[in-house]
Each structure stands twice: as C-alpha cells, then as structure tokens.
Amino acid sequence: MNHTSKSKHQLMSLYDDQPDFNYVDTESFRGFKGNRIAFLLNTAKTGWMANTIILSHINLLLFAWILKKIQPGKRIVLLAHGIEIWGKLPKWKTDFLRRHTEVWAVSHFTAQQIEKSHQLQPSRIKVLHNGLDPFFRIPAHFEKPDHLLSQYQLSTSNKILFTLTRLSSQEQYKGYQQVILALKDLPEEVVYILAGKADEKEMASVLNLIEQHDLTHRVILTGFLAEAEVQEYFLLADLFVMPSKGEGFGIAFIEAAACGLVSIAGNTDGSRDALLNGKLGDLVDPQSVKEISTTIAKHLAYPKSAVNTKQLQQQCLAAFSFEQYKTNFLHLLFN
C-alpha cells in the first residue's frame, strides 16, 4: 500500500519485514510481518495525511474501505495484475470498486476482464503496462554464453527454445505442455530449455509427457533460476516460447526482447500487450500445437543477426524501460 502526496510517499507492507532496499529506502518503508491490527492502525494514521492511496493487490481493499469511511475525499487506486481480480469477488469489494476505485490494469486484456467480470465503467479503468526491473541487466552484446553451451552439452548447431515460468499443477495455462508436444514435429537439433520452480505433482506430469513422446534427450529442465542467471539464458536461446492463455501481462516476454530475443506467445491474453501486438514476436493460438510448431519452425529458419536483435531490443526499451514506466505512472497519477 502506497500513500502519496505531492511532496512525499510512504510504502507500507502487511507481510514483508525487510524489503530489498535497492528499491525503497529505510525512511519510506514500514513492514508489519502479518500483523493486521498494527498495519490497519498505521495505515489509518499515515493515510489521514495522504491525498492518494495506491493498493498493490486486491486483498488490501479492506484498508482502503476503512480509510474512505474516515475521509470520503481520498483517491483510491488499485494496481490490477491479472488472475487475482478476474474471478468472483465479495459484493462489498465489487461495490467499492465500482463506486470509489480507479483501477490501473497491466494490460488491455486485464482491463477487459475486470470490466466484464465486475461491470466497472470503462472510464474507471486505465492501462499501466508493466516495465522492466531497473536492475535487469540490458546486454550490449548477444553472443551465446560458452559456459552454458558446455554445461548442457550443446553446440552452435543446436536451435534452442526457452521458457521461463512457474510450473504449477494449479496453473495450467502457461503452454509449456504444448511446446513439448510441438517439439516432436521439429528437427532433432531443436532443444527445449524449460526453466522454473515446479511443484511435485507438476514435475511428475511434465516428466511423464517428455518420456511418453521420447523427448528426454531434447528437453532440459533447469529448475529455479536466480535473477542473476536469467539474462544469460535469454542470450543462449534462439526463441522464447510461452503460448499462455491466461497471462495478465507477461514480464518474461519483455525481458526476452530486452535481450534481443523474439517471442512466441498466446493470442488470447495479456501477452498481446507485452509483445506490442506482434512487434516483438508472433501471437499464436495457444491451443494449437500445429500452429505453435509451424511458427517456431518459421523463426528458426532465419538465424539471429546482431542488427535484428539490436532493433528488437530498442523497440522493447522504448516501450517498457523503467524510465518509460515512471513517465506512464506519473501521467496517470497527476492527470
């Protein structure tokens, strides 16, 4: 929850104790380690002096409701990311959203889902695209890292597909199963690196799918990747592929583009905004294995070039750099 005035702001977190101070300073942050009463009292005290209350999640709406009761003139802004706000909400939340809240959605798809699900007036919803992390390393060169080629026993003759996501048995919309199936129709030199933390049930399901189609030698499961490692995997890959059908936005797509890597994404969700409606890659039917494999083959037929990767990177930064995000944020805040 962020309380703002024209001179200062206060960032308060219900659950965090110590944040990453690369992003916030000690004077502006307070964490409450899950203590709801202390959080409420401090929110009310700080919010009394603020012009605008910015909520980072729908679950914080109760605290805004209380502040609005105390001071009806407060401006309430909710940042809407995706699936957390698409479904059915308690009636009081829906009523509060309709009457008292500005919603800043991360994509046009998320905005449309909110309008449809909760019957909000379109004028109450604005789009604020996610931006690149200010500490995400933007590469100046695009060579494949030798140590990763060696680690996975790959050569420059291999064509490498890459997906970075959470592998969850509760979230069956990321599309990596379709990519595995599409791999069957692609040449032997095409290898798929699937990165991300997996729960036990989903790992068993993915391994079974790989073994069932005799693709064990062509699929690499890395597990969790630390943030410091991610850039090198984008550089290693020839194509980022995540044909999702339920993405609120898709930060991994803009990270890929910032590394000069073309993406293939689903055409039915917030991925469209992340790919600038096709300027940073191709949008496909996420249910069609044939369309996914055909589109992958089309891109792999043309090797990456330094000119194309640089152009892609520049397009991405023009739309999604942290500086552009700040400009967009301030425009919504003060207009």
# chains A, B, ... in the order shown; residues from 1 in each chain; ligands from 1

call {"tool": "residues_around", "arguments": {"residues": "A:Ala105", "least_positions_apart": "5", "cutoff": "12 Å", "atoms": "only C-alpha atoms", "output": "ChimeraX atom specification"}}
result
/A:56-58,77-86,110-115,122,124-130,248-249,270,273,329,332

call {"tool": "select_by_dssp", "arguments": {"residues": "stretch 49-271 of chain A", "states": "strand (DSSP E)", "output": "number ranges by chain"}}
result
A: 52-55, 75-80, 101-105, 125-127, 159-164, 190-195, 219-223, 239-242, 263-266

call {"tool": "select_by_dssp", "arguments": {"residues": "stretch 207-259 of chain A", "states": "helix (DSSP H, G or I)", "output": "count of residues only"}}
result
24

call {"tool": "residues_around", "arguments": {"residues": "A:Thr268", "least_positions_apart": "4", "cutoff": "12 Å", "atoms": "only C-alpha atoms", "output": "number ranges by chain"}}
result
A: 108-110, 112-113, 173, 243-249, 272-273, 277, 283-287

call {"tool": "residues_around", "arguments": {"residues": "A:Thr216", "least_positions_apart": "4", "cutoff": "12 Å", "atoms": "only C-alpha atoms", "output": "CSV table (one decimal) with N, CA, C and O atoms, in the first residue's frame"}}
result
chain,number,residue,atom,x,y,z
A,180,ILE,N,6.2,-28.8,-25.6
A,180,ILE,CA,6.8,-30.1,-25.6
A,180,ILE,C,6.2,-31.0,-26.7
A,180,ILE,O,7.0,-31.7,-27.5
A,183,LEU,N,7.5,-30.0,-30.1
A,183,LEU,CA,8.9,-30.4,-30.3
A,183,LEU,C,9.0,-31.6,-31.2
A,183,LEU,O,10.0,-31.8,-31.9
A,184,LYS,N,8.0,-32.5,-31.1
A,184,LYS,CA,8.0,-33.8,-31.9
A,184,LYS,C,8.1,-33.5,-33.4
A,184,LYS,O,8.6,-34.3,-34.1
A,188,GLU,N,15.7,-32.7,-35.1
A,188,GLU,CA,16.3,-33.2,-33.9
A,188,GLU,C,17.3,-32.2,-33.2
A,188,GLU,O,17.5,-32.3,-32.0
A,191,VAL,N,16.3,-28.0,-29.4
A,191,VAL,CA,16.3,-28.4,-27.9
A,191,VAL,C,15.4,-27.4,-27.2
A,191,VAL,O,15.4,-26.2,-27.5
A,192,TYR,N,14.7,-27.9,-26.2
A,192,TYR,CA,13.8,-27.1,-25.4
A,192,TYR,C,14.4,-27.0,-23.9
A,192,TYR,O,14.5,-28.0,-23.2
A,193,ILE,N,14.6,-25.7,-23.5
A,193,ILE,CA,15.0,-25.5,-22.1
A,193,ILE,C,13.8,-24.9,-21.4
A,193,ILE,O,13.3,-23.8,-21.7
A,206,VAL,N,5.1,-33.4,-16.1
A,206,VAL,CA,5.9,-32.9,-17.2
A,206,VAL,C,6.9,-34.1,-17.6
A,206,VAL,O,7.1,-34.3,-18.8
A,207,LEU,N,7.5,-34.7,-16.6
A,207,LEU,CA,8.4,-35.8,-16.9
A,207,LEU,C,7.7,-36.9,-17.7
A,207,LEU,O,8.3,-37.5,-18.6
A,208,ASN,N,6.5,-37.2,-17.3
A,208,ASN,CA,5.7,-38.3,-17.9
A,208,ASN,C,5.5,-37.9,-19.4
A,208,ASN,O,5.6,-38.8,-20.3
A,209,LEU,N,5.1,-36.6,-19.6
A,209,LEU,CA,4.9,-36.2,-21.0
A,209,LEU,C,6.1,-36.3,-21.9
A,209,LEU,O,6.1,-36.7,-23.0
A,210,ILE,N,7.2,-35.9,-21.3
A,210,ILE,CA,8.5,-36.0,-22.0
A,210,ILE,C,8.9,-37.4,-22.4
A,210,ILE,O,9.3,-37.7,-23.5
A,211,GLU,N,8.8,-38.3,-21.4
A,211,GLU,CA,9.1,-39.7,-21.6
A,211,GLU,C,8.1,-40.4,-22.6
A,211,GLU,O,8.5,-41.2,-23.5
A,212,GLN,N,6.9,-40.0,-22.5
A,212,GLN,CA,5.8,-40.6,-23.4
A,212,GLN,C,6.1,-40.4,-24.8
A,212,GLN,O,5.8,-41.2,-25.7
A,220,ILE,N,15.4,-29.9,-21.5
A,220,ILE,CA,16.3,-29.7,-20.3
A,220,ILE,C,15.4,-28.9,-19.3
A,220,ILE,O,14.9,-27.9,-19.6
A,221,LEU,N,15.3,-29.5,-18.1
A,221,LEU,CA,14.6,-28.9,-17.0
A,221,LEU,C,15.6,-28.3,-16.1
A,221,LEU,O,16.4,-29.1,-15.4

call {"tool": "residues_around", "arguments": {"residues": "A:Lys33", "least_positions_apart": "3", "cutoff": "10 Å", "atoms": "only C-alpha atoms", "output": "short mmCIF file (atom, residue, chain, number, x, y, z; two decimals) with N, CA and C atoms, in the first residue's frame"}}
result
data_model
loop_
_atom_site.label_atom_id
_atom_site.label_comp_id
_atom_site.auth_asym_id
_atom_site.auth_seq_id
_atom_site.Cartn_x
_atom_site.Cartn_y
_atom_site.Cartn_z
N SER A 13 3.88 -2.39 4.00
CA SER A 13 3.64 -3.77 3.60
C SER A 13 3.07 -4.56 4.78
N LEU A 14 1.94 -5.24 4.53
CA LEU A 14 1.32 -6.04 5.57
C LEU A 14 2.20 -7.23 5.95
N TYR A 15 2.83 -7.88 4.97
CA TYR A 15 3.52 -9.14 5.25
C TYR A 15 5.05 -9.01 5.30
N ASP A 16 5.64 -8.14 4.53
CA ASP A 16 7.11 -8.05 4.50
C ASP A 16 7.65 -7.45 5.78
N ASP A 17 8.85 -7.92 6.14
CA ASP A 17 9.57 -7.34 7.26
C ASP A 17 10.63 -6.38 6.73
N GLN A 18 11.58 -6.92 5.98
CA GLN A 18 12.62 -6.11 5.37
C GLN A 18 12.55 -6.28 3.85
N ARG A 30 7.70 0.70 5.79
CA ARG A 30 7.36 0.07 7.06
C ARG A 30 6.74 -1.29 6.78
N ARG A 36 -2.10 -7.59 11.26
CA ARG A 36 -3.14 -6.81 10.59
C ARG A 36 -3.60 -5.60 11.41
N ALA A 38 -1.83 -3.80 13.65
CA ALA A 38 -0.81 -2.76 13.58
C ALA A 38 -0.79 -2.11 12.20
N PHE A 39 -0.95 -2.94 11.16
CA PHE A 39 -0.98 -2.42 9.81
C PHE A 39 -2.16 -1.47 9.62
#

call {"tool": "closest_residue", "arguments": {"among": "A:Gln177, A:Asn51, A:Gln121, A:Thr327", "to": "A:Ile292", "atoms": "only C-alpha atoms"}}
result
A:Gln177

call {"tool": "residues_around", "arguments": {"residues": "stretch 152-155 of chain A", "least_positions_apart": "5", "cutoff": "12 Å", "atoms": "only C-alpha atoms", "output": "list in words"}}
result
Lys144, Pro145, Asp146, His147, Ile160, Glu189, Val190, Val191, Tyr192, Ile193, His217, Arg218, Val219, Ile220, Leu221, Thr222, Tyr233, Leu236 and Ala237 of chain A

call {"tool": "write_last_selection", "arguments": {"atoms": "all heavy atoms", "output": "short mmCIF file (atom, residue, chain, number, x, y, z; two decimals), in the first residue's frame"}}
result
data_model
loop_
_atom_site.label_atom_id
_atom_site.label_comp_id
_atom_site.auth_asym_id
_atom_site.auth_seq_id
_atom_site.Cartn_x
_atom_site.Cartn_y
_atom_site.Cartn_z
N LYS A 144 26.08 -16.24 -27.55
CA LYS A 144 25.64 -17.29 -26.65
C LYS A 144 26.72 -17.58 -25.61
O LYS A 144 27.89 -17.71 -25.98
CB LYS A 144 25.31 -18.56 -27.43
CG LYS A 144 24.13 -18.40 -28.38
CD LYS A 144 23.66 -19.75 -28.92
CE LYS A 144 22.43 -19.57 -29.79
NZ LYS A 144 21.75 -20.85 -30.07
N PRO A 145 26.37 -17.67 -24.34
CA PRO A 145 27.37 -17.93 -23.30
C PRO A 145 28.00 -19.32 -23.46
O PRO A 145 27.30 -20.34 -23.45
CB PRO A 145 26.56 -17.84 -21.99
CG PRO A 145 25.34 -17.06 -22.34
CD PRO A 145 25.04 -17.43 -23.76
N ASP A 146 29.32 -19.36 -23.60
CA ASP A 146 30.02 -20.63 -23.82
C ASP A 146 29.82 -21.59 -22.65
O ASP A 146 29.70 -22.80 -22.86
CB ASP A 146 31.52 -20.37 -24.03
CG ASP A 146 31.80 -19.72 -25.38
OD1 ASP A 146 30.99 -19.92 -26.31
OD2 ASP A 146 32.82 -19.01 -25.49
N HIS A 147 29.79 -21.06 -21.42
CA HIS A 147 29.72 -21.96 -20.27
C HIS A 147 28.37 -22.68 -20.21
O HIS A 147 28.30 -23.82 -19.73
CB HIS A 147 30.00 -21.20 -18.97
CG HIS A 147 28.92 -20.29 -18.52
ND1 HIS A 147 28.75 -19.02 -19.06
CD2 HIS A 147 27.92 -20.44 -17.60
CE1 HIS A 147 27.70 -18.44 -18.47
NE2 HIS A 147 27.19 -19.28 -17.60
N ILE A 160 17.76 -23.50 -29.94
CA ILE A 160 17.34 -23.60 -28.54
C ILE A 160 16.08 -22.79 -28.30
O ILE A 160 16.04 -21.57 -28.52
CB ILE A 160 18.48 -23.13 -27.61
CG1 ILE A 160 19.72 -23.98 -27.84
CG2 ILE A 160 18.04 -23.19 -26.14
CD1 ILE A 160 20.98 -23.44 -27.19
N GLU A 189 17.81 -31.27 -34.00
CA GLU A 189 18.75 -30.31 -33.41
C GLU A 189 18.05 -29.25 -32.55
O GLU A 189 18.71 -28.45 -31.87
CB GLU A 189 19.59 -29.62 -34.48
CG GLU A 189 18.83 -28.74 -35.46
CD GLU A 189 18.40 -29.48 -36.72
OE1 GLU A 189 18.36 -30.73 -36.69
OE2 GLU A 189 18.12 -28.80 -37.73
N VAL A 190 16.72 -29.23 -32.57
CA VAL A 190 15.98 -28.27 -31.75
C VAL A 190 15.85 -28.82 -30.33
O VAL A 190 15.36 -29.94 -30.12
CB VAL A 190 14.58 -27.98 -32.34
CG1 VAL A 190 13.84 -26.97 -31.46
CG2 VAL A 190 14.70 -27.46 -33.76
N VAL A 191 16.30 -28.02 -29.36
CA VAL A 191 16.30 -28.41 -27.95
C VAL A 191 15.44 -27.41 -27.17
O VAL A 191 15.43 -26.22 -27.49
CB VAL A 191 17.74 -28.43 -27.40
CG1 VAL A 191 17.75 -28.69 -25.89
CG2 VAL A 191 18.57 -29.48 -28.12
N TYR A 192 14.75 -27.91 -26.17
CA TYR A 192 13.85 -27.06 -25.37
C TYR A 192 14.36 -26.97 -23.94
O TYR A 192 14.48 -27.98 -23.25
CB TYR A 192 12.44 -27.65 -25.40
CG TYR A 192 11.38 -26.86 -24.67
CD1 TYR A 192 11.42 -25.46 -24.59
CD2 TYR A 192 10.30 -27.50 -24.06
CE1 TYR A 192 10.44 -24.75 -23.93
CE2 TYR A 192 9.30 -26.80 -23.41
CZ TYR A 192 9.37 -25.42 -23.34
OH TYR A 192 8.40 -24.71 -22.70
N ILE A 193 14.65 -25.75 -23.49
CA ILE A 193 15.03 -25.50 -22.10
C ILE A 193 13.82 -24.91 -21.38
O ILE A 193 13.34 -23.83 -21.73
CB ILE A 193 16.23 -24.54 -22.00
CG1 ILE A 193 17.46 -25.17 -22.65
CG2 ILE A 193 16.52 -24.19 -20.54
CD1 ILE A 193 18.70 -24.29 -22.62
N HIS A 217 16.00 -36.60 -24.35
CA HIS A 217 17.29 -36.08 -24.82
C HIS A 217 17.17 -34.68 -25.41
O HIS A 217 18.19 -34.05 -25.72
CB HIS A 217 17.90 -37.03 -25.86
CG HIS A 217 17.06 -37.19 -27.10
ND1 HIS A 217 15.77 -37.70 -27.06
CD2 HIS A 217 17.32 -36.90 -28.41
CE1 HIS A 217 15.27 -37.72 -28.30
NE2 HIS A 217 16.19 -37.24 -29.12
N ARG A 218 15.94 -34.16 -25.53
CA ARG A 218 15.75 -32.86 -26.18
C ARG A 218 15.10 -31.82 -25.28
O ARG A 218 14.89 -30.68 -25.71
CB ARG A 218 14.91 -33.03 -27.45
CG ARG A 218 15.59 -33.89 -28.51
CD ARG A 218 14.70 -34.10 -29.71
NE ARG A 218 14.38 -32.84 -30.36
CZ ARG A 218 13.43 -32.71 -31.29
NH1 ARG A 218 12.69 -33.76 -31.64
NH2 ARG A 218 13.20 -31.54 -31.85
N VAL A 219 14.76 -32.19 -24.04
CA VAL A 219 14.16 -31.25 -23.10
C VAL A 219 15.05 -31.15 -21.87
O VAL A 219 15.39 -32.16 -21.26
CB VAL A 219 12.74 -31.66 -22.69
CG1 VAL A 219 12.15 -30.64 -21.71
CG2 VAL A 219 11.84 -31.81 -23.91
N ILE A 220 15.41 -29.94 -21.51
CA ILE A 220 16.25 -29.68 -20.34
C ILE A 220 15.43 -28.93 -19.31
O ILE A 220 14.88 -27.85 -19.59
CB ILE A 220 17.49 -28.83 -20.73
CG1 ILE A 220 18.36 -29.60 -21.71
CG2 ILE A 220 18.28 -28.43 -19.48
CD1 ILE A 220 19.44 -28.73 -22.38
N LEU A 221 15.30 -29.51 -18.12
CA LEU A 221 14.58 -28.87 -17.02
C LEU A 221 15.62 -28.31 -16.05
O LEU A 221 16.37 -29.08 -15.43
CB LEU A 221 13.67 -29.88 -16.32
CG LEU A 221 12.61 -30.56 -17.20
CD1 LEU A 221 11.91 -31.67 -16.44
CD2 LEU A 221 11.60 -29.54 -17.70
N THR A 222 15.67 -27.01 -15.93
CA THR A 222 16.73 -26.39 -15.11
C THR A 222 16.32 -26.22 -13.65
O THR A 222 17.18 -26.03 -12.79
CB THR A 222 17.09 -25.00 -15.64
OG1 THR A 222 16.02 -24.08 -15.38
CG2 THR A 222 17.40 -25.03 -17.13
N TYR A 233 20.44 -17.00 -20.04
CA TYR A 233 19.58 -17.99 -20.70
C TYR A 233 18.83 -17.36 -21.87
O TYR A 233 18.60 -18.02 -22.90
CB TYR A 233 18.61 -18.61 -19.70
CG TYR A 233 19.26 -19.70 -18.87
CD1 TYR A 233 20.04 -19.39 -17.76
CD2 TYR A 233 19.12 -21.04 -19.23
CE1 TYR A 233 20.64 -20.38 -17.00
CE2 TYR A 233 19.72 -22.04 -18.48
CZ TYR A 233 20.48 -21.71 -17.37
OH TYR A 233 21.09 -22.70 -16.63
N LEU A 236 21.32 -17.37 -24.55
CA LEU A 236 21.58 -18.72 -25.04
C LEU A 236 20.53 -19.15 -26.06
O LEU A 236 20.84 -19.88 -27.01
CB LEU A 236 21.57 -19.69 -23.86
CG LEU A 236 21.73 -21.18 -24.15
CD1 LEU A 236 23.13 -21.48 -24.70
CD2 LEU A 236 21.46 -22.00 -22.89
N ALA A 237 19.30 -18.69 -25.88
CA ALA A 237 18.18 -19.18 -26.69
C ALA A 237 18.11 -18.53 -28.07
O ALA A 237 18.59 -17.42 -28.29
CB ALA A 237 16.87 -18.93 -25.94
#

call {"tool": "closest_residue", "arguments": {"among": "A:Phe135, A:Thr101, A:Phe234, A:Lys326", "to": "A:Pro72", "atoms": "only C-alpha atoms"}}
result
A:Thr101

call {"tool": "atom_distance", "arguments": {"atom1": "atom CA of A:Glu227", "atom2": "atom CA of A:Leu194"}}
result
15.4 Å

call {"tool": "closest_residue", "arguments": {"among": "A:Ala318, A:Leu11, A:Leu67, A:Ala140", "to": "A:Cys259", "atoms": "only C-alpha atoms"}}
result
A:Ala140

call {"tool": "residues_around", "arguments": {"residues": "A:Phe320", "least_positions_apart": "4", "cutoff": "9 Å", "atoms": "only C-alpha atoms", "output": "list in words"}}
result
His129, Asn130, Gly131, Leu132, Ile254, Ala258, Ala274, Gln315, Cys316, Gln324 and Tyr325 of chain A

call {"tool": "atom_distance", "arguments": {"atom1": "atom CA of A:Ser123", "atom2": "atom CA of A:Lys91"}}
result
20.7 Å

call {"tool": "atom_distance", "arguments": {"atom1": "atom CA of A:Leu89", "atom2": "atom CA of A:Ile76"}}
result
17.9 Å
